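Enquirer: See entry-v4.csv below, with CSV, C-alpha atoms.
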chain,number,residue,atom,x,y,z
A,1,MET,CA,24.1,1.5,-5.2
A,2,HIS,CA,24.6,-1.3,-2.7
A,3,ASP,CA,27.2,-3.7,-4.1
A,4,GLU,CA,30.0,-2.4,-1.9
A,5,VAL,CA,29.5,-1.7,1.8
A,6,HIS,CA,31.6,-1.3,4.9
A,7,ILE,CA,30.4,-3.0,8.1
A,8,SER,CA,31.7,-3.4,11.6
A,9,VAL,CA,31.4,-6.8,13.3
A,10,ARG,CA,32.2,-8.0,16.8
A,11,SER,CA,32.2,-11.5,18.1
A,12,GLY,CA,30.9,-12.4,21.5
A,13,ASN,CA,33.0,-12.2,24.7
A,14,GLY,CA,33.7,-15.4,26.5
A,15,GLY,CA,31.7,-15.9,29.7
A,16,ALA,CA,33.4,-15.6,33.0
A,17,GLY,CA,34.4,-18.7,35.0
A,18,CYS,CA,32.7,-19.3,38.3
A,19,VAL,CA,34.2,-19.4,41.8
A,20,SER,CA,32.1,-21.8,43.8
A,21,PHE,CA,32.6,-24.6,46.5
A,22,ARG,CA,30.6,-27.7,47.0
A,23,ARG,CA,28.0,-27.2,49.7
A,24,GLU,CA,26.0,-30.3,50.8
A,25,LYS,CA,24.7,-31.7,54.0
A,26,TYR,CA,27.4,-33.6,55.8
A,27,VAL,CA,30.1,-32.2,53.5
A,28,PRO,CA,31.0,-29.0,55.3
A,29,GLU,CA,34.3,-28.5,53.4
A,30,GLY,CA,33.5,-29.5,49.8
A,31,GLY,CA,36.1,-28.7,47.1
A,32,PRO,CA,35.8,-26.2,44.3
A,33,ASP,CA,33.0,-26.8,41.8
A,34,GLY,CA,32.9,-23.6,39.7
A,35,GLY,CA,32.2,-24.3,36.1
A,36,ASP,CA,33.8,-22.7,33.0
A,37,GLY,CA,32.3,-19.8,31.1
A,38,GLY,CA,30.8,-20.5,27.7
A,39,ASN,CA,32.6,-19.4,24.5
A,40,GLY,CA,31.4,-16.2,22.8
A,41,ALA,CA,29.6,-16.5,19.6
A,42,ASP,CA,31.4,-16.4,16.2
A,43,VAL,CA,30.5,-13.9,13.4
A,44,VAL,CA,29.9,-16.0,10.3
A,45,LEU,CA,29.2,-14.8,6.7
A,46,GLN,CA,27.3,-17.3,4.6
A,47,ALA,CA,26.4,-17.1,0.9
A,48,SER,CA,22.8,-17.4,0.0
A,49,ARG,CA,21.0,-17.5,-3.4
A,50,HIS,CA,18.0,-15.6,-1.8
A,51,PHE,CA,19.9,-12.3,-1.9
A,52,ASN,CA,21.3,-10.4,-4.9
A,53,THR,CA,22.2,-7.1,-3.2
A,54,LEU,CA,24.1,-5.9,-0.1
A,55,THR,CA,21.3,-3.4,0.7
A,56,PRO,CA,20.5,-4.7,4.2
A,57,TYR,CA,24.1,-4.0,5.2
A,58,SER,CA,23.9,-0.4,4.0
A,59,ARG,CA,21.1,0.2,6.4
A,60,LYS,CA,22.7,-1.5,9.4
A,61,ARG,CA,26.5,-1.2,9.6
A,62,LYS,CA,27.3,-2.6,13.1
A,63,TRP,CA,26.7,-6.2,14.0
A,64,LYS,CA,27.5,-7.8,17.4
A,65,ALA,CA,27.3,-11.5,18.3
A,66,PRO,CA,26.2,-12.5,21.8
A,67,SER,CA,28.6,-13.4,24.6
A,68,GLY,CA,28.9,-16.7,26.3
A,69,GLN,CA,27.1,-17.3,29.6
A,70,PRO,CA,29.1,-17.4,32.8
A,71,GLY,CA,29.8,-20.7,34.5
A,72,THR,CA,27.8,-21.8,37.6
A,73,SER,CA,28.3,-24.1,40.5
A,74,ARG,CA,28.3,-27.9,40.4
A,75,ASN,CA,30.8,-27.7,37.5
A,76,LYS,CA,28.2,-26.5,35.1
A,77,SER,CA,29.7,-24.6,32.1
A,78,GLY,CA,28.0,-21.6,30.7
A,79,LEU,CA,26.2,-21.8,27.4
A,80,LYS,CA,28.0,-20.8,24.2
A,81,GLY,CA,26.6,-17.7,22.5
A,82,ASP,CA,24.6,-18.5,19.4
A,83,ASP,CA,26.7,-17.7,16.3
A,84,LEU,CA,25.7,-14.5,14.4
A,85,VAL,CA,25.2,-15.7,10.8
A,86,LEU,CA,25.1,-12.9,8.2
A,87,GLU,CA,23.7,-14.0,4.8
A,88,VAL,CA,25.2,-12.3,1.7
A,89,PRO,CA,24.6,-12.9,-2.0
A,90,CYS,CA,26.6,-15.5,-3.8
A,91,GLY,CA,29.5,-13.7,-5.4
A,92,THR,CA,30.4,-11.6,-2.3
A,93,ILE,CA,34.1,-11.0,-1.7
A,94,VAL,CA,34.9,-10.3,2.0
A,95,ARG,CA,37.9,-8.1,2.7
A,96,ILE,CA,39.6,-6.5,5.7
A,97,ALA,CA,38.6,-2.9,5.1
A,98,GLU,CA,42.0,-1.3,6.0
A,99,SER,CA,44.4,-3.7,4.3
A,100,GLU,CA,42.1,-5.0,1.4
A,101,GLU,CA,43.1,-8.5,2.4
A,102,ILE,CA,40.6,-11.0,1.1
A,103,LEU,CA,39.2,-13.3,3.8
A,104,ALA,CA,36.8,-15.2,1.5
A,105,ASP,CA,35.2,-15.2,-1.9
A,106,LEU,CA,31.8,-16.7,-1.3
A,107,THR,CA,30.6,-18.1,-4.7
A,108,GLU,CA,28.5,-21.1,-3.8
A,109,GLU,CA,25.2,-21.5,-2.0
A,110,GLY,CA,25.8,-22.3,1.7
A,111,GLN,CA,29.5,-21.5,1.6
A,112,ARG,CA,30.5,-19.8,4.9
A,113,VAL,CA,33.5,-18.2,6.6
A,114,VAL,CA,34.1,-17.4,10.3
A,115,VAL,CA,35.4,-13.8,10.1
A,116,ALA,CA,35.5,-13.1,13.8
A,117,PRO,CA,35.8,-16.0,16.3
A,118,GLY,CA,34.2,-15.6,19.7
A,119,GLY,CA,36.3,-15.3,22.8
A,120,ARG,CA,37.0,-18.4,24.8
A,121,GLY,CA,35.2,-18.8,28.1
A,122,GLY,CA,37.1,-18.4,31.3
A,123,TRP,CA,38.0,-21.3,33.6
A,124,GLY,CA,36.0,-22.0,36.7
A,125,ASN,CA,37.9,-22.4,40.0
A,126,PHE,CA,37.7,-26.2,39.7
A,127,ARG,CA,40.3,-25.9,37.0
A,128,PHE,CA,42.8,-24.2,39.4
A,129,LYS,CA,42.7,-26.9,42.0
A,130,LYS,CA,46.2,-28.3,42.7
A,131,ALA,CA,47.9,-30.3,45.4
A,132,THR,CA,49.3,-27.1,46.7
A,133,ASN,CA,46.1,-25.1,46.3
A,134,GLN,CA,43.1,-27.1,47.5
A,135,VAL,CA,40.8,-24.1,47.8
A,136,PRO,CA,41.4,-22.0,44.7
A,137,ARG,CA,39.5,-18.7,44.7
A,138,GLN,CA,40.4,-17.5,41.3
A,139,SER,CA,38.7,-18.0,37.9
A,140,GLY,CA,39.2,-16.8,34.4
A,141,PRO,CA,37.4,-13.7,33.1
A,142,GLY,CA,36.8,-15.0,29.6
A,143,GLU,CA,38.5,-13.7,26.5
A,144,PRO,CA,37.1,-10.6,24.8
A,145,GLY,CA,35.5,-10.8,21.3
A,146,VAL,CA,37.1,-9.6,18.1
A,147,THR,CA,36.1,-6.4,16.4
A,148,LEU,CA,36.7,-6.1,12.6
A,149,GLN,CA,36.0,-3.5,10.0
A,150,LEU,CA,35.0,-5.4,6.8
A,151,LYS,CA,34.5,-4.4,3.2
A,152,LEU,CA,31.9,-6.5,1.4
A,153,GLU,CA,32.1,-6.3,-2.4
A,154,LEU,CA,29.6,-8.0,-4.7
A,155,LYS,CA,30.4,-9.4,-8.1
A,156,LEU,CA,27.3,-11.2,-9.4
A,157,LEU,CA,27.5,-14.7,-10.5
A,158,ALA,CA,25.7,-15.0,-13.9
A,159,ASP,CA,26.3,-16.7,-17.2
A,160,VAL,CA,25.2,-13.7,-19.3
A,161,GLY,CA,25.7,-10.0,-18.4
A,162,ILE,CA,23.4,-7.6,-20.2
A,163,ILE,CA,25.3,-4.4,-20.9
A,164,GLY,CA,24.4,-1.2,-22.7
A,165,PHE,CA,23.7,2.5,-22.3
A,166,PRO,CA,20.8,3.8,-20.2
A,167,ASN,CA,17.4,3.2,-21.8
A,168,ALA,CA,18.6,0.4,-24.1
A,169,GLY,CA,15.8,-1.8,-22.7
A,170,LYS,CA,17.9,-4.2,-20.5
A,171,SER,CA,15.3,-4.5,-17.7
A,172,THR,CA,12.5,-5.1,-20.1
A,173,LEU,CA,14.5,-7.8,-21.9
A,174,LEU,CA,15.3,-9.5,-18.6
A,175,SER,CA,11.7,-9.4,-17.5
A,176,ARG,CA,10.6,-11.0,-20.8
A,177,MET,CA,13.2,-13.7,-20.8
A,178,SER,CA,13.0,-14.7,-17.1
A,179,SER,CA,10.9,-14.5,-14.0
A,180,ALA,CA,12.8,-11.5,-12.7
A,181,LYS,CA,10.7,-8.4,-12.0
A,182,PRO,CA,13.2,-5.4,-12.3
A,183,LYS,CA,12.0,-1.8,-12.1
A,184,ILE,CA,11.3,-0.6,-15.6
A,185,GLY,CA,10.9,3.0,-16.9
A,186,ASN,CA,11.6,5.2,-19.9
A,187,TYR,CA,14.2,7.4,-18.2
A,188,PRO,CA,18.0,6.9,-17.5
A,189,PHE,CA,19.2,4.9,-14.6
A,190,THR,CA,15.9,3.2,-13.8
A,191,THR,CA,18.1,0.3,-12.6
A,192,LEU,CA,20.4,1.3,-9.8
A,193,ASP,CA,21.1,-2.2,-8.5
A,194,PRO,CA,22.0,-5.2,-10.7
A,195,GLN,CA,19.2,-7.6,-11.2
A,196,LEU,CA,19.3,-11.4,-11.7
A,197,GLY,CA,17.0,-13.5,-13.8
A,198,VAL,CA,16.9,-17.2,-14.5
A,199,VAL,CA,16.0,-18.7,-17.9
A,200,GLU,CA,14.9,-22.3,-17.4
A,201,ARG,CA,14.7,-25.0,-20.0
A,202,ALA,CA,13.9,-28.7,-19.4
A,203,ASP,CA,17.6,-29.6,-19.4
A,204,ARG,CA,19.4,-26.3,-18.8
A,205,THR,CA,19.3,-23.3,-16.6
A,206,MET,CA,20.9,-19.9,-17.5
A,207,VAL,CA,21.4,-17.0,-15.2
A,208,MET,CA,21.3,-13.5,-16.7
A,209,ALA,CA,22.3,-10.2,-15.0
A,210,ASP,CA,20.9,-6.8,-15.9
A,211,ILE,CA,23.8,-4.4,-15.3
A,212,PRO,CA,22.8,-0.8,-14.8
A,213,GLY,CA,23.3,1.5,-17.8
A,214,LEU,CA,26.8,2.5,-18.6
A,215,ILE,CA,27.7,6.0,-19.9
A,216,GLU,CA,30.8,7.4,-21.6
A,217,GLY,CA,33.6,7.7,-18.9
A,218,ALA,CA,32.3,4.7,-16.9
A,219,ALA,CA,35.8,3.2,-16.8
A,220,GLU,CA,36.9,6.4,-14.9
A,221,GLY,CA,34.0,6.0,-12.5
A,222,VAL,CA,31.6,8.4,-14.2
A,223,GLY,CA,28.0,7.4,-13.5
A,224,LEU,CA,29.1,4.7,-11.0
A,225,GLY,CA,30.9,3.0,-13.8
A,226,HIS,CA,33.3,1.0,-11.6
A,227,GLN,CA,30.6,-0.4,-9.4
A,228,PHE,CA,28.6,-1.5,-12.4
A,229,LEU,CA,31.4,-3.0,-14.5
A,230,ARG,CA,32.7,-5.3,-11.8
A,231,HIS,CA,29.5,-7.4,-12.1
A,232,VAL,CA,30.2,-8.5,-15.6
A,233,GLU,CA,33.8,-9.8,-14.7
A,234,ARG,CA,32.4,-13.2,-13.8
A,235,CYS,CA,30.1,-13.6,-16.8
A,236,ALA,CA,30.9,-16.0,-19.5
A,237,LEU,CA,29.1,-14.0,-22.2
A,238,LEU,CA,28.1,-10.3,-22.7
A,239,LEU,CA,24.9,-9.4,-24.3
A,240,HIS,CA,25.5,-5.9,-25.7
A,241,LEU,CA,22.1,-4.4,-26.1
A,242,VAL,CA,21.8,-1.3,-28.3
A,243,ASP,CA,18.9,1.2,-28.4
A,244,ALA,CA,18.3,1.3,-32.1
A,245,SER,CA,15.1,3.4,-32.1
A,246,GLU,CA,17.1,6.3,-33.7
A,247,GLY,CA,20.2,6.8,-35.8
A,248,ASP,CA,21.6,5.3,-39.0
A,249,ALA,CA,24.2,2.4,-39.2
A,250,ALA,CA,27.1,4.8,-38.7
A,251,GLU,CA,25.7,6.3,-35.6
A,252,LEU,CA,24.9,2.9,-34.1
A,253,ALA,CA,28.4,1.7,-34.9
A,254,GLU,CA,29.8,4.7,-33.0
A,255,ARG,CA,27.6,3.9,-29.9
A,256,ILE,CA,28.9,0.3,-30.0
A,257,ARG,CA,32.5,1.5,-30.3
A,258,VAL,CA,32.1,3.9,-27.3
A,259,LEU,CA,30.8,1.1,-25.0
A,260,ASP,CA,33.5,-1.3,-26.2
A,261,SER,CA,36.1,1.3,-25.5
A,262,GLU,CA,34.8,1.7,-21.9
A,263,LEU,CA,35.1,-2.1,-21.4
A,264,GLU,CA,38.6,-2.1,-22.8
A,265,ARG,CA,39.7,0.8,-20.5
A,266,PHE,CA,38.2,-0.8,-17.5
A,267,SER,CA,39.6,-4.3,-18.1
A,268,PRO,CA,41.2,-5.8,-21.3
A,269,GLU,CA,40.1,-9.2,-20.0
A,270,LEU,CA,36.6,-8.0,-19.8
A,271,ALA,CA,36.7,-6.6,-23.3
A,272,ALA,CA,37.9,-9.9,-24.6
A,273,LYS,CA,34.9,-11.8,-23.4
A,274,PRO,CA,32.5,-13.1,-26.1
A,275,GLN,CA,29.8,-10.7,-27.0
A,276,LEU,CA,26.4,-11.0,-28.7
A,277,LEU,CA,25.4,-7.7,-30.3
A,278,VAL,CA,21.6,-7.1,-30.3
A,279,LEU,CA,19.7,-4.2,-31.7
A,280,ASN,CA,16.5,-3.5,-29.6
A,281,LYS,CA,13.2,-1.7,-30.3
A,282,LEU,CA,12.1,-3.5,-33.4
A,283,ASP,CA,8.6,-2.5,-32.3
A,284,VAL,CA,9.2,1.1,-33.1
A,285,ARG,CA,11.5,0.6,-36.1
A,286,PRO,CA,10.2,-1.9,-38.6
A,287,ASP,CA,13.4,-1.5,-40.8
A,288,LEU,CA,15.6,-2.8,-37.9
A,289,ALA,CA,16.3,-6.2,-39.5
A,290,GLU,CA,17.7,-4.5,-42.6
A,291,LEU,CA,19.7,-2.0,-40.4
A,292,ALA,CA,21.2,-5.0,-38.5
A,293,GLN,CA,22.4,-6.4,-41.8
A,294,GLU,CA,23.9,-3.1,-42.8
A,295,LEU,CA,25.6,-2.8,-39.4
A,296,THR,CA,26.9,-6.3,-39.7
A,297,ALA,CA,28.6,-5.4,-43.0
A,298,LEU,CA,29.9,-2.2,-41.5
A,299,THR,CA,31.4,-3.7,-38.3
A,300,GLY,CA,32.1,-7.3,-39.4
A,301,ARG,CA,30.2,-8.6,-36.3
A,302,ASP,CA,27.1,-10.8,-36.2
A,303,ILE,CA,24.1,-8.7,-35.1
A,304,MET,CA,20.5,-9.5,-34.6
A,305,ALA,CA,17.4,-7.4,-34.1
A,306,ILE,CA,14.7,-7.9,-31.4
A,307,SER,CA,11.9,-6.2,-29.5
A,308,GLY,CA,11.9,-6.6,-25.8
A,309,VAL,CA,8.4,-5.1,-25.6
A,310,THR,CA,6.6,-7.3,-28.1
A,311,GLY,CA,8.9,-10.4,-27.7
A,312,ALA,CA,9.9,-10.4,-31.4
A,313,ASN,CA,12.9,-12.8,-32.0
A,314,LEU,CA,13.4,-13.4,-28.2
A,315,ARG,CA,13.1,-17.2,-28.7
A,316,GLU,CA,15.9,-17.1,-31.2
A,317,LEU,CA,18.0,-14.9,-28.9
A,318,GLU,CA,17.4,-17.3,-26.0
A,319,ASN,CA,18.5,-20.2,-28.2
A,320,ARG,CA,21.7,-18.4,-29.3
A,321,LEU,CA,22.5,-17.5,-25.7
A,322,LEU,CA,22.1,-21.1,-24.5
A,323,GLU,CA,24.2,-22.4,-27.3
A,324,ALA,CA,27.0,-19.9,-26.4
A,325,VAL,CA,26.8,-20.7,-22.7
A,326,PHE,CA,26.4,-24.4,-23.1
A,327,PRO,CA,28.3,-25.3,-26.4
A,328,PRO,CA,27.6,-28.8,-27.7
A,329,GLU,CA,30.3,-31.3,-26.7
Using structure tokens, write down the structure from this file.
Expert:
Amino acid sequence: MHDEVHISVRSGNGGAGCVSFRREKYVPEGGPDGGDGGNGADVVLQASRHFNTLTPYSRKRKWKAPSGQPGTSRNKSGLKGDDLVLEVPCGTIVRIAESEEILADLTEEGQRVVVAPGGRGGWGNFRFKKATNQVPRQSGPGEPGVTLQLKLELKLLADVGIIGFPNAGKSTLLSRMSSAKPKIGNYPFTTLDPQLGVVERADRTMVMADIPGLIEGAAEGVGLGHQFLRHVERCALLLHLVDASEGDAAELAERIRVLDSELERFSPELAAKPQLLVLNKLDVRPDLAELAQELTALTGRDIMAISGVTGANLRELENRLLEAVFPPE
């Protein structure tokens, strides 16, 4: 699970200033002409829509920006180090690891923050020339870079979060409704990282997130519950997908209650978000439409039946989601 990682970053050192004196023919005693050192490179974090996981930063934890170049003679300043730009998914919260202080919440494409400024370059000896010191032989060493321990925490930015127990068919549904290609299998926890998919219409675009399967006790961290649940905190609507291949209306109602209870224990605000209840696997249970009506009467909630495998009723589901996310004015 790579939606929370700790990394170490270090900005570049400032380059050293130069001690130099002008040496030209017929100018035997030229003045100081040592240039300044270049500034060290900054460490910058930038939000990018091309990423939806922090996996690259779980593989490499230490990042160092280049230092500035030293100054040279003839008052030439050293080059500044090229900034180290680390791209992260939109929705990444950047914190100081030790204090949990938030440095930035990168929610928009291209949004960036300088987390570790580079050290300033040192002065060349030309800067030290004074009326009382015409031949300065000192220069600045350049400031050291800054080292920070950062915690990167990802909360996906999506309009709709698909929640449900393992094997409910969330990945299959996302793959059928969007261009996303999540890993799909008939065993629990196929999805270990949240997946994003985009549903495009001529006039509207909706982003859906497949949240890895919850289990009872998720609010206490069982089964990586905390890591998964954080991703739906930003969603406007929750699609509660239920595996309805087995069980009667009472059993399905209990599964729905258990998952709702996990949401409530994790965050009352999260539990209060609008939900669309959907029974999946109409392809293996032809009576699912009737069961949905029975469950609606039992729970008092509007419920629809679909098949993520065959695509039955997916167009209707898409329409209902779009209407909920983009209500008519």
Enquirer: Have a look at atom CA of Pro166 of chain A and atom CA of Asp260 of chain A and let me know their distance in Å, one decimal.
Expert: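 Atom CA of Pro166 of chain A sits 14.9 Å away from atom CA of Asp260 of chain A.
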Enquirer: For atom CA of Ser67 of chain A and atom CA of Lys80 of chain A, determine how far apart the two atoms are, in Å to one decimal place.
Expert: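 Interatomic distance, atom CA of Ser67 of chain A to atom CA of Lys80 of chain A: 7.4 Å.
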Enquirer: Between A:Val135, A:Ala16, A:Met304, A:Leu263, which has the minimum distance to Asn280 of chain A (counting only C-alpha atoms)?
Expert: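 Using only C-alpha atoms, Asn280 of chain A sits closest to A:Met304.
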Enquirer: From the set A:Arg120, A:Arg49, A:Arg315, A:Arg59, which residue has the shortest atom-to-atom contact distance to Gly15 of chain A, counting all atoms listed in the file?
Expert: A:Arg120
Enquirer: Given the point (24.5, -17.6, 26.3) in the coordinates of this file, which residues lie within 12 Å, counting only C-alpha atoms, and how would they look as a ChimeraX atom specification?
Expert: /A:12-16,37-41,65-71,77-83,118,121
Enquirer: Extract, using only C-alpha atoms, all DNA, RNA and protein residues at most 10 Å from Leu154 of chain A, discarding same-chain residues fewer than 4 positions from it, and format them as a list in words.
Expert: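 Close residues of Leu154 of chain A: His2, Asp3, Glu4, Val5, Asn52, Thr53, Leu54, Val88, Pro89, Cys90, Gly91, Thr92, Ile93, Val94, Asp105, Leu106, Gln227, Arg230 and His231 of chain A.
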Enquirer: Counting only C-alpha atoms, which of A:Phe128, A:Lys64, A:Gln111, A:His6 gets nearest to Ser20 of chain A?
Expert: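 Distance minimum relative to Ser20 of chain A lands on A:Phe128.
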Enquirer: Any idea what the distance is between atom CA of Thr72 of chain A and atom CA of Pro32 of chain A?
Expert: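 It comes out at 11.3 Å.
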Enquirer: Looking at A:Ala97, A:Val309, A:Val9, A:Ala47, which one is nearest to Leu173 of chain A, with distances taken over all atoms listed in the file?
Expert: A:Val309
Enquirer: Would you mind telling me which residue in A:Val160, A:Leu277, A:Ala250, A:Leu288 lies nearest to Leu322 of chain A when using all atoms listed in the file?
Expert: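 Using all atoms listed in the file, Leu322 of chain A sits closest to A:Val160.
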Enquirer: If I put a ball of radius 8 Å at (24.0, -8.0, -35.2) in the file's coordinates, which residues poke into it when counting all atoms listed in the file, written as number ranges by chain?
Expert: A: 276-279, 292-293, 295-296, 301-305
Enquirer: Given the choices A:Glu323, A:Asp210, A:Glu233, A:Asp203, which gets closest to Ser267 of chain A if the distance is worked out from all atoms listed in the file?
Expert: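 The shortest atom-to-atom distance to Ser267 of chain A comes from A:Glu233.
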Enquirer: Since the input is missing atoms for segment 31-56 of chain A, could you rebuild it with N, CA and C atoms and give the result as an mmCIF file, in the coordinates of the input?
Expert:
data_model
loop_
_atom_site.group_PDB
_atom_site.id
_atom_site.type_symbol
_atom_site.label_atom_id
_atom_site.label_comp_id
_atom_site.auth_asym_id
_atom_site.auth_seq_id
_atom_site.Cartn_x
_atom_site.Cartn_y
_atom_site.Cartn_z
ATOM 1 N N GLY A 31 35.049 -29.361 47.962
ATOM 2 C CA GLY A 31 36.100 -28.700 47.100
ATOM 3 C C GLY A 31 35.461 -27.769 46.111
ATOM 4 N N PRO A 32 36.300 -27.161 45.272
ATOM 5 C CA PRO A 32 35.800 -26.200 44.300
ATOM 6 C C PRO A 32 34.963 -26.874 43.212
ATOM 7 N N ASP A 33 33.868 -26.229 42.838
ATOM 8 C CA ASP A 33 33.000 -26.800 41.800
ATOM 9 C C ASP A 33 32.496 -25.712 40.831
ATOM 10 N N GLY A 34 33.310 -24.657 40.660
ATOM 11 C CA GLY A 34 32.900 -23.600 39.700
ATOM 12 C C GLY A 34 33.137 -23.993 38.285
ATOM 13 N N GLY A 35 32.109 -23.858 37.454
ATOM 14 C CA GLY A 35 32.200 -24.300 36.100
ATOM 15 C C GLY A 35 32.815 -23.198 35.154
ATOM 16 N N ASP A 36 33.191 -23.632 33.963
ATOM 17 C CA ASP A 36 33.800 -22.700 33.000
ATOM 18 C C ASP A 36 32.723 -21.825 32.332
ATOM 19 N N GLY A 37 33.160 -20.661 31.884
ATOM 20 C CA GLY A 37 32.300 -19.800 31.100
ATOM 21 C C GLY A 37 32.112 -20.331 29.692
ATOM 22 N N GLY A 38 31.001 -20.022 29.076
ATOM 23 C CA GLY A 38 30.800 -20.500 27.700
ATOM 24 C C GLY A 38 31.530 -19.593 26.702
ATOM 25 N N ASN A 39 31.881 -20.169 25.560
ATOM 26 C CA ASN A 39 32.600 -19.400 24.500
ATOM 27 C C ASN A 39 31.634 -18.351 23.916
ATOM 28 N N GLY A 40 32.219 -17.233 23.520
ATOM 29 C CA GLY A 40 31.400 -16.200 22.800
ATOM 30 C C GLY A 40 31.071 -16.678 21.436
ATOM 31 N N ALA A 41 30.032 -16.091 20.884
ATOM 32 C CA ALA A 41 29.600 -16.500 19.600
ATOM 33 C C ALA A 41 30.488 -15.977 18.465
ATOM 34 N N ASP A 42 30.613 -16.773 17.395
ATOM 35 C CA ASP A 42 31.400 -16.400 16.200
ATOM 36 C C ASP A 42 30.495 -15.467 15.324
ATOM 37 N N VAL A 43 31.153 -14.646 14.513
ATOM 38 C CA VAL A 43 30.500 -13.900 13.400
ATOM 39 C C VAL A 43 30.783 -14.686 12.135
ATOM 40 N N VAL A 44 29.731 -15.148 11.470
ATOM 41 C CA VAL A 44 29.900 -16.000 10.300
ATOM 42 C C VAL A 44 29.191 -15.300 9.102
ATOM 43 N N LEU A 45 29.860 -15.278 7.954
ATOM 44 C CA LEU A 45 29.200 -14.800 6.700
ATOM 45 C C LEU A 45 28.934 -16.040 5.852
ATOM 46 N N GLN A 46 27.708 -16.095 5.332
ATOM 47 C CA GLN A 46 27.300 -17.300 4.600
ATOM 48 C C GLN A 46 26.614 -16.824 3.263
ATOM 49 N N ALA A 47 27.008 -17.458 2.164
ATOM 50 C CA ALA A 47 26.400 -17.100 0.900
ATOM 51 C C ALA A 47 25.049 -17.722 0.724
ATOM 52 N N SER A 48 24.139 -16.915 0.170
ATOM 53 C CA SER A 48 22.800 -17.400 0.000
ATOM 54 C C SER A 48 22.241 -16.907 -1.365
ATOM 55 N N ARG A 49 21.567 -17.792 -2.070
ATOM 56 C CA ARG A 49 21.000 -17.500 -3.400
ATOM 57 C C ARG A 49 19.724 -16.617 -3.242
ATOM 58 N N HIS A 50 19.266 -16.407 -2.007
ATOM 59 C CA HIS A 50 18.000 -15.600 -1.800
ATOM 60 C C HIS A 50 18.320 -14.123 -1.792
ATOM 61 N N PHE A 51 19.575 -13.731 -1.920
ATOM 62 C CA PHE A 51 19.900 -12.300 -1.900
ATOM 63 C C PHE A 51 20.710 -12.016 -3.225
ATOM 64 N N ASN A 52 20.508 -10.824 -3.783
ATOM 65 C CA ASN A 52 21.300 -10.400 -4.900
ATOM 66 C C ASN A 52 21.817 -8.960 -4.740
ATOM 67 N N THR A 53 21.737 -8.456 -3.503
ATOM 68 C CA THR A 53 22.200 -7.100 -3.200
ATOM 69 C C THR A 53 22.677 -7.061 -1.759
ATOM 70 N N LEU A 54 23.541 -6.103 -1.465
ATOM 71 C CA LEU A 54 24.100 -5.900 -0.100
ATOM 72 C C LEU A 54 23.277 -4.812 0.634
ATOM 73 N N THR A 55 22.105 -4.465 0.127
ATOM 74 C CA THR A 55 21.300 -3.400 0.700
ATOM 75 C C THR A 55 21.087 -3.487 2.200
ATOM 76 N N PRO A 56 20.775 -4.683 2.753
ATOM 77 C CA PRO A 56 20.500 -4.700 4.200
ATOM 78 C C PRO A 56 21.730 -4.240 5.022
#
